[in-house]
file input.pdb (PDB, C-alpha atoms)
ATOM      1  CA  MET A   1     -12.898  21.415 -64.032  1.00  0.00           C
ATOM      2  CA  PRO A   2     -11.475  23.939 -61.521  1.00  0.00           C
ATOM      3  CA  GLU A   3     -11.029  27.470 -62.744  1.00  0.00           C
ATOM      4  CA  ILE A   4      -7.686  28.795 -63.927  1.00  0.00           C
ATOM      5  CA  LEU A   5      -6.862  32.372 -63.009  1.00  0.00           C
ATOM      6  CA  VAL A   6      -4.104  33.985 -65.062  1.00  0.00           C
ATOM      7  CA  LEU A   7      -2.754  37.132 -63.409  1.00  0.00           C
ATOM      8  CA  GLY A   8      -0.555  39.534 -65.336  1.00  0.00           C
ATOM      9  CA  VAL A   9       1.440  41.220 -62.581  1.00  0.00           C
ATOM     10  CA  GLY A  10       3.725  44.239 -62.616  1.00  0.00           C
ATOM     11  CA  ASN A  11       4.014  47.950 -63.184  1.00  0.00           C
ATOM     12  CA  VAL A  12       3.850  48.891 -66.879  1.00  0.00           C
ATOM     13  CA  LEU A  13       5.401  52.268 -66.028  1.00  0.00           C
ATOM     14  CA  LEU A  14       8.694  50.600 -65.014  1.00  0.00           C
ATOM     15  CA  THR A  15      10.021  49.084 -68.246  1.00  0.00           C
ATOM     16  CA  ASP A  16      10.328  45.270 -67.928  1.00  0.00           C
ATOM     17  CA  ASP A  17       8.506  45.113 -64.584  1.00  0.00           C
ATOM     18  CA  GLY A  18       5.285  45.268 -66.625  1.00  0.00           C
ATOM     19  CA  VAL A  19       6.023  42.251 -68.848  1.00  0.00           C
ATOM     20  CA  GLY A  20       3.316  40.138 -67.174  1.00  0.00           C
ATOM     21  CA  VAL A  21       0.679  42.811 -67.729  1.00  0.00           C
ATOM     22  CA  HIS A  22       1.722  43.221 -71.370  1.00  0.00           C
ATOM     23  CA  ALA A  23       1.421  39.438 -71.823  1.00  0.00           C
ATOM     24  CA  VAL A  24      -2.021  39.078 -70.261  1.00  0.00           C
ATOM     25  CA  ARG A  25      -3.263  41.996 -72.372  1.00  0.00           C
ATOM     26  CA  GLU A  26      -2.190  40.064 -75.455  1.00  0.00           C
ATOM     27  CA  LEU A  27      -3.614  36.736 -74.259  1.00  0.00           C
ATOM     28  CA  VAL A  28      -7.005  38.215 -73.363  1.00  0.00           C
ATOM     29  CA  ARG A  29      -7.603  38.878 -77.079  1.00  0.00           C
ATOM     30  CA  GLU A  30      -7.554  35.120 -77.736  1.00  0.00           C
ATOM     31  CA  SER A  31     -10.350  32.601 -77.291  1.00  0.00           C
ATOM     32  CA  TRP A  32     -10.224  30.567 -74.073  1.00  0.00           C
ATOM     33  CA  PRO A  33     -12.591  28.123 -72.339  1.00  0.00           C
ATOM     34  CA  ASP A  34     -14.973  29.537 -69.737  1.00  0.00           C
ATOM     35  CA  THR A  35     -12.800  27.983 -67.019  1.00  0.00           C
ATOM     36  CA  VAL A  36      -9.931  30.380 -67.875  1.00  0.00           C
ATOM     37  CA  THR A  37      -9.974  33.929 -66.488  1.00  0.00           C
ATOM     38  CA  LEU A  38      -7.277  36.377 -67.547  1.00  0.00           C
ATOM     39  CA  LEU A  39      -6.782  39.479 -65.430  1.00  0.00           C
ATOM     40  CA  ASP A  40      -4.471  42.477 -65.528  1.00  0.00           C
ATOM     41  CA  ALA A  41      -3.630  42.629 -61.826  1.00  0.00           C
ATOM     42  CA  GLY A  42      -1.021  45.370 -62.141  1.00  0.00           C
ATOM     43  CA  THR A  43       0.517  45.775 -58.713  1.00  0.00           C
ATOM     44  CA  PHE A  44      -2.673  44.784 -56.879  1.00  0.00           C
ATOM     45  CA  THR A  45      -1.590  41.502 -55.301  1.00  0.00           C
ATOM     46  CA  GLN A  46      -1.730  42.008 -51.550  1.00  0.00           C
ATOM     47  CA  ASP A  47      -5.499  41.747 -51.257  1.00  0.00           C
ATOM     48  CA  ALA A  48      -6.079  39.408 -54.205  1.00  0.00           C
ATOM     49  CA  PHE A  49      -7.099  36.473 -51.990  1.00  0.00           C
ATOM     50  CA  TYR A  50     -10.791  36.989 -52.754  1.00  0.00           C
ATOM     51  CA  LEU A  51     -10.038  36.119 -56.405  1.00  0.00           C
ATOM     52  CA  PHE A  52      -8.839  32.658 -55.350  1.00  0.00           C
ATOM     53  CA  LYS A  53     -12.154  31.406 -53.925  1.00  0.00           C
ATOM     54  CA  THR A  54     -13.135  29.304 -56.980  1.00  0.00           C
ATOM     55  CA  CYS A  55      -9.693  29.041 -58.508  1.00  0.00           C
ATOM     56  CA  GLY A  56      -7.930  25.683 -58.786  1.00  0.00           C
ATOM     57  CA  THR A  57      -4.777  27.001 -60.435  1.00  0.00           C
ATOM     58  CA  LEU A  58      -3.205  30.437 -60.286  1.00  0.00           C
ATOM     59  CA  LEU A  59      -0.864  31.196 -63.179  1.00  0.00           C
ATOM     60  CA  VAL A  60       1.202  34.328 -62.526  1.00  0.00           C
ATOM     61  CA  LEU A  61       2.935  36.146 -65.375  1.00  0.00           C
ATOM     62  CA  ASP A  62       5.652  38.465 -64.054  1.00  0.00           C
ATOM     63  CA  SER A  63       9.263  39.517 -64.208  1.00  0.00           C
ATOM     64  CA  VAL A  64      11.597  37.223 -62.268  1.00  0.00           C
ATOM     65  CA  ARG A  65      14.975  38.351 -61.011  1.00  0.00           C
ATOM     66  CA  ALA A  66      16.868  35.084 -60.695  1.00  0.00           C
ATOM     67  CA  GLY A  67      20.271  36.151 -61.986  1.00  0.00           C
ATOM     68  CA  GLY A  68      19.887  34.903 -65.549  1.00  0.00           C
ATOM     69  CA  ARG A  69      20.529  36.795 -68.732  1.00  0.00           C
ATOM     70  CA  PRO A  70      17.886  39.417 -69.548  1.00  0.00           C
ATOM     71  CA  GLY A  71      15.060  37.755 -71.453  1.00  0.00           C
ATOM     72  CA  THR A  72      15.591  34.334 -69.841  1.00  0.00           C
ATOM     73  CA  LEU A  73      12.250  32.572 -69.396  1.00  0.00           C
ATOM     74  CA  TYR A  74      11.311  30.704 -66.226  1.00  0.00           C
ATOM     75  CA  ARG A  75       8.614  28.228 -65.236  1.00  0.00           C
ATOM     76  CA  LEU A  76       8.461  28.105 -61.462  1.00  0.00           C
ATOM     77  CA  THR A  77       6.251  26.645 -58.789  1.00  0.00           C
ATOM     78  CA  GLU A  78       5.428  28.150 -55.440  1.00  0.00           C
ATOM     79  CA  GLY A  79       7.870  25.617 -54.002  1.00  0.00           C
ATOM     80  CA  HIS A  80      10.702  27.209 -55.974  1.00  0.00           C
ATOM     81  CA  LEU A  81       9.970  30.541 -54.298  1.00  0.00           C
ATOM     82  CA  VAL A  82       9.793  29.043 -50.840  1.00  0.00           C
ATOM     83  CA  GLN A  83      12.946  26.899 -51.238  1.00  0.00           C
ATOM     84  CA  LYS A  84      15.101  29.527 -52.903  1.00  0.00           C
ATOM     85  CA  ARG A  85      14.416  32.855 -51.261  1.00  0.00           C
ATOM     86  CA  SER A  86      16.803  34.592 -53.667  1.00  0.00           C
ATOM     87  CA  LEU A  87      14.270  33.959 -56.448  1.00  0.00           C
ATOM     88  CA  ARG A  88      11.958  36.894 -56.498  1.00  0.00           C
ATOM     89  CA  LEU A  89       9.335  37.723 -59.035  1.00  0.00           C
ATOM     90  CA  SER A  90       9.140  41.245 -57.765  1.00  0.00           C
ATOM     91  CA  ILE A  91       7.824  42.715 -54.559  1.00  0.00           C
ATOM     92  CA  HIS A  92       4.510  41.190 -55.670  1.00  0.00           C
ATOM     93  CA  ASP A  93       5.531  37.589 -54.978  1.00  0.00           C
ATOM     94  CA  ILE A  94       5.567  38.216 -51.239  1.00  0.00           C
ATOM     95  CA  ASP A  95       2.061  39.658 -51.439  1.00  0.00           C
ATOM     96  CA  LEU A  96       0.841  36.712 -53.526  1.00  0.00           C
ATOM     97  CA  LEU A  97       2.207  34.171 -51.058  1.00  0.00           C
ATOM     98  CA  ASP A  98       0.414  36.029 -48.267  1.00  0.00           C
ATOM     99  CA  SER A  99      -2.778  36.154 -50.354  1.00  0.00           C
ATOM    100  CA  LEU A 100      -2.597  32.399 -50.934  1.00  0.00           C
ATOM    101  CA  ARG A 101      -2.289  31.797 -47.198  1.00  0.00           C
ATOM    102  CA  MET A 102      -5.193  34.157 -46.541  1.00  0.00           C
ATOM    103  CA  ALA A 103      -7.371  32.353 -49.120  1.00  0.00           C
ATOM    104  CA  GLU A 104      -6.624  29.051 -47.435  1.00  0.00           C
ATOM    105  CA  HIS A 105      -7.547  30.532 -44.074  1.00  0.00           C
ATOM    106  CA  MET A 106     -10.751  32.173 -45.343  1.00  0.00           C
ATOM    107  CA  TYR A 107     -12.021  29.473 -47.719  1.00  0.00           C
ATOM    108  CA  GLY A 108     -10.345  26.306 -46.454  1.00  0.00           C
ATOM    109  CA  ALA A 109      -8.606  25.847 -49.807  1.00  0.00           C
ATOM    110  CA  ARG A 110      -6.236  27.651 -52.099  1.00  0.00           C
ATOM    111  CA  PRO A 111      -5.117  27.348 -55.683  1.00  0.00           C
ATOM    112  CA  GLU A 112      -1.885  25.797 -56.836  1.00  0.00           C
ATOM    113  CA  MET A 113       0.418  28.604 -58.007  1.00  0.00           C
ATOM    114  CA  LEU A 114       2.604  28.415 -61.094  1.00  0.00           C
ATOM    115  CA  ILE A 115       4.775  31.271 -62.328  1.00  0.00           C
ATOM    116  CA  VAL A 116       5.829  32.058 -65.887  1.00  0.00           C
ATOM    117  CA  GLY A 117       8.511  34.689 -65.635  1.00  0.00           C
ATOM    118  CA  MET A 118      11.097  36.590 -67.580  1.00  0.00           C
ATOM    119  CA  GLU A 119      14.427  37.962 -66.374  1.00  0.00           C
ATOM    120  CA  PRO A 120      14.231  41.745 -66.752  1.00  0.00           C
ATOM    121  CA  ALA A 121      16.975  43.848 -68.280  1.00  0.00           C
ATOM    122  CA  ASN A 122      15.532  46.980 -66.723  1.00  0.00           C
ATOM    123  CA  HIS A 123      12.837  47.267 -64.073  1.00  0.00           C
ATOM    124  CA  THR A 124      13.628  50.628 -62.495  1.00  0.00           C
ATOM    125  CA  THR A 125      13.546  53.114 -65.387  1.00  0.00           C
ATOM    126  CA  TRP A 126      10.317  54.993 -66.053  1.00  0.00           C
ATOM    127  CA  SER A 127       9.120  53.808 -69.447  1.00  0.00           C
ATOM    128  CA  MET A 128       6.079  51.995 -70.781  1.00  0.00           C
ATOM    129  CA  GLU A 129       8.254  50.258 -73.379  1.00  0.00           C
ATOM    130  CA  LEU A 130       9.983  46.934 -72.783  1.00  0.00           C
ATOM    131  CA  SER A 131      13.770  46.872 -73.032  1.00  0.00           C
ATOM    132  CA  PRO A 132      15.241  45.463 -76.268  1.00  0.00           C
ATOM    133  CA  ALA A 133      16.090  42.165 -74.512  1.00  0.00           C
ATOM    134  CA  ALA A 134      12.565  41.787 -73.112  1.00  0.00           C
ATOM    135  CA  ARG A 135      10.971  42.823 -76.389  1.00  0.00           C
ATOM    136  CA  SER A 136      13.003  40.149 -78.186  1.00  0.00           C
ATOM    137  CA  ALA A 137      12.010  37.437 -75.678  1.00  0.00           C
ATOM    138  CA  PHE A 138       8.386  38.571 -75.373  1.00  0.00           C
ATOM    139  CA  PRO A 139       6.876  36.282 -78.079  1.00  0.00           C
ATOM    140  CA  GLY A 140       8.447  33.262 -76.354  1.00  0.00           C
ATOM    141  CA  PHE A 141       7.172  34.485 -72.973  1.00  0.00           C
ATOM    142  CA  VAL A 142       3.614  34.742 -74.286  1.00  0.00           C
ATOM    143  CA  GLU A 143       3.918  31.346 -75.976  1.00  0.00           C
ATOM    144  CA  LEU A 144       5.142  29.713 -72.747  1.00  0.00           C
ATOM    145  CA  ALA A 145       2.154  31.211 -70.896  1.00  0.00           C
ATOM    146  CA  ARG A 146      -0.175  30.058 -73.679  1.00  0.00           C
ATOM    147  CA  ARG A 147       1.196  26.483 -73.485  1.00  0.00           C
ATOM    148  CA  GLU A 148       0.771  26.424 -69.694  1.00  0.00           C
ATOM    149  CA  ILE A 149      -2.833  27.611 -69.937  1.00  0.00           C
ATOM    150  CA  ARG A 150      -3.570  24.945 -72.533  1.00  0.00           C
ATOM    151  CA  ARG A 151      -1.833  22.230 -70.491  1.00  0.00           C
ATOM    152  CA  ILE A 152      -3.624  23.133 -67.251  1.00  0.00           C
ATOM    153  CA  SER A 153      -7.024  23.457 -68.948  1.00  0.00           C
ATOM    154  CA  GLY A 154      -6.625  20.179 -70.840  1.00  0.00           C
ATOM    155  CA  MET A 155      -6.519  21.864 -74.248  1.00  0.00           C
ATOM    156  CA  ALA A 156      -3.039  20.505 -75.048  1.00  0.00           C
TER     157      ALA A 156
END
call {"tool": "encode", "arguments": {"input": "input.pdb", "output": "structure tokens"}}
result
Amino acid sequence: MPEILVLGVGNVLLTDDGVGVHAVRELVRESWPDTVTLLDAGTFTQDAFYLFKTCGTLLVLDSVRAGGRPGTLYRLTEGHLVQKRSLRLSIHDIDLLDSLRMAEHMYGARPEMLIVGMEPANHTTWSMELSPAARSAFPGFVELARREIRRISGMA
């Protein structure tokens, strides 16, 4: 079975921008098969291509500014990002798309990318706390990520 890499992406110093990092920190405390790797990537996405060498699926947990109500949960594919340029995870999505292309160039293959995201209420204020809207939606965000990991890994 190909490896699944779960990246929690974002800046925990900027309120809801860090929701993906908060989620992966919670998920890493759970028991997962050896084929699942959970990683707090923070804002380090531009040069992440080396992580994709043995990865079959890349699951990104991040804030997504798609115009929904704060706390709205999203399940997106890479195709969604390419087709609808107005959908942006954060500045990190551009770096991840570049990293995927670089992995394909370097290794001749690249993982399939899936995004579990949450619409932020606030992503520009300095705070390590999630906004009330994000805090309220956070259990559902983590559960959606958990279900995707189980589905991809065949645990469902």
call {"tool": "resolve_selection", "arguments": {"input": "input.pdb", "expression": "the PyMOL selection byres ((chain A and resi 32) around 12)", "output": "VMD selection string"}}
result
chain A and resid 3 to 6 27 to 31 33 to 38 146 149 to 150 153 to 155
call {"tool": "resolve_selection", "arguments": {"input": "input.pdb", "expression": "the PyMOL selection byres ((chain A and resi 41) around 6)", "output": "ChimeraX atom specification"}}
result
/A:7-9,39-40,42,44
call {"tool": "resolve_selection", "arguments": {"input": "input.pdb", "expression": "the PyMOL selection byres ((chain A and resi 20) around 8)", "output": "number ranges by chain"}}
result
A: 7-10, 17-19, 21-24, 60-63, 117
call {"tool": "residues_around", "arguments": {"input": "input.pdb", "residues": "segment 49-55 of chain A", "least_positions_apart": "6", "cutoff": "8 Å", "atoms": "all atoms listed in the file", "output": "JSON, numbers by chain"}}
result
{"A": [2, 3, 4, 5, 99, 100, 102, 103, 107, 109, 110, 111]}
call {"tool": "atom_distance", "arguments": {"input": "input.pdb", "atom1": "atom CA of Leu81 of chain A", "atom2": "atom CA of Gly67 of chain A"}}
result
14.0 Å
call {"tool": "residues_around", "arguments": {"input": "input.pdb", "residues": "Val116 of chain A", "least_positions_apart": "6", "cutoff": "8 Å", "atoms": "all atoms listed in the file", "output": "ChimeraX atom specification"}}
result
/A:59-62,73-76,141,144-145
call {"tool": "write_last_selection", "arguments": {"input": "input.pdb", "atoms": "C-alpha atoms", "output": "short mmCIF file (atom, residue, chain, number, x, y, z; two decimals), in the frame of the given file"}}
result
data_model
loop_
_atom_site.label_atom_id
_atom_site.label_comp_id
_atom_site.auth_asym_id
_atom_site.auth_seq_id
_atom_site.Cartn_x
_atom_site.Cartn_y
_atom_site.Cartn_z
CA LEU A 59 -0.86 31.20 -63.18
CA VAL A 60 1.20 34.33 -62.53
CA LEU A 61 2.94 36.15 -65.38
CA ASP A 62 5.65 38.47 -64.05
CA LEU A 73 12.25 32.57 -69.40
CA TYR A 74 11.31 30.70 -66.23
CA ARG A 75 8.61 28.23 -65.24
CA LEU A 76 8.46 28.10 -61.46
CA PHE A 141 7.17 34.48 -72.97
CA LEU A 144 5.14 29.71 -72.75
CA ALA A 145 2.15 31.21 -70.90
#
call {"tool": "closest_residue", "arguments": {"input": "input.pdb", "among": "A:Glu78, A:Val64, A:Gly71, A:Leu96", "to": "Leu130 of chain A", "atoms": "only C-alpha atoms"}}
result
A:Gly71
call {"tool": "atom_distance", "arguments": {"input": "input.pdb", "atom1": "atom CA of Ala137 of chain A", "atom2": "atom CA of Ala48 of chain A"}}
result
28.1 Å
call {"tool": "atom_distance", "arguments": {"input": "input.pdb", "atom1": "atom CA of Asp95 of chain A", "atom2": "atom CA of Arg25 of chain A"}}
result
21.7 Å
call {"tool": "residues_around", "arguments": {"input": "input.pdb", "residues": "Ala121 of chain A", "least_positions_apart": "6", "cutoff": "9 Å", "atoms": "only C-alpha atoms", "output": "count of residues only"}}
result
10
call {"tool": "closest_residue", "arguments": {"input": "input.pdb", "among": "A:Leu14, A:Met118, A:Leu97, A:Met106", "to": "Ser136 of chain A", "atoms": "only C-alpha atoms"}}
result
A:Met118
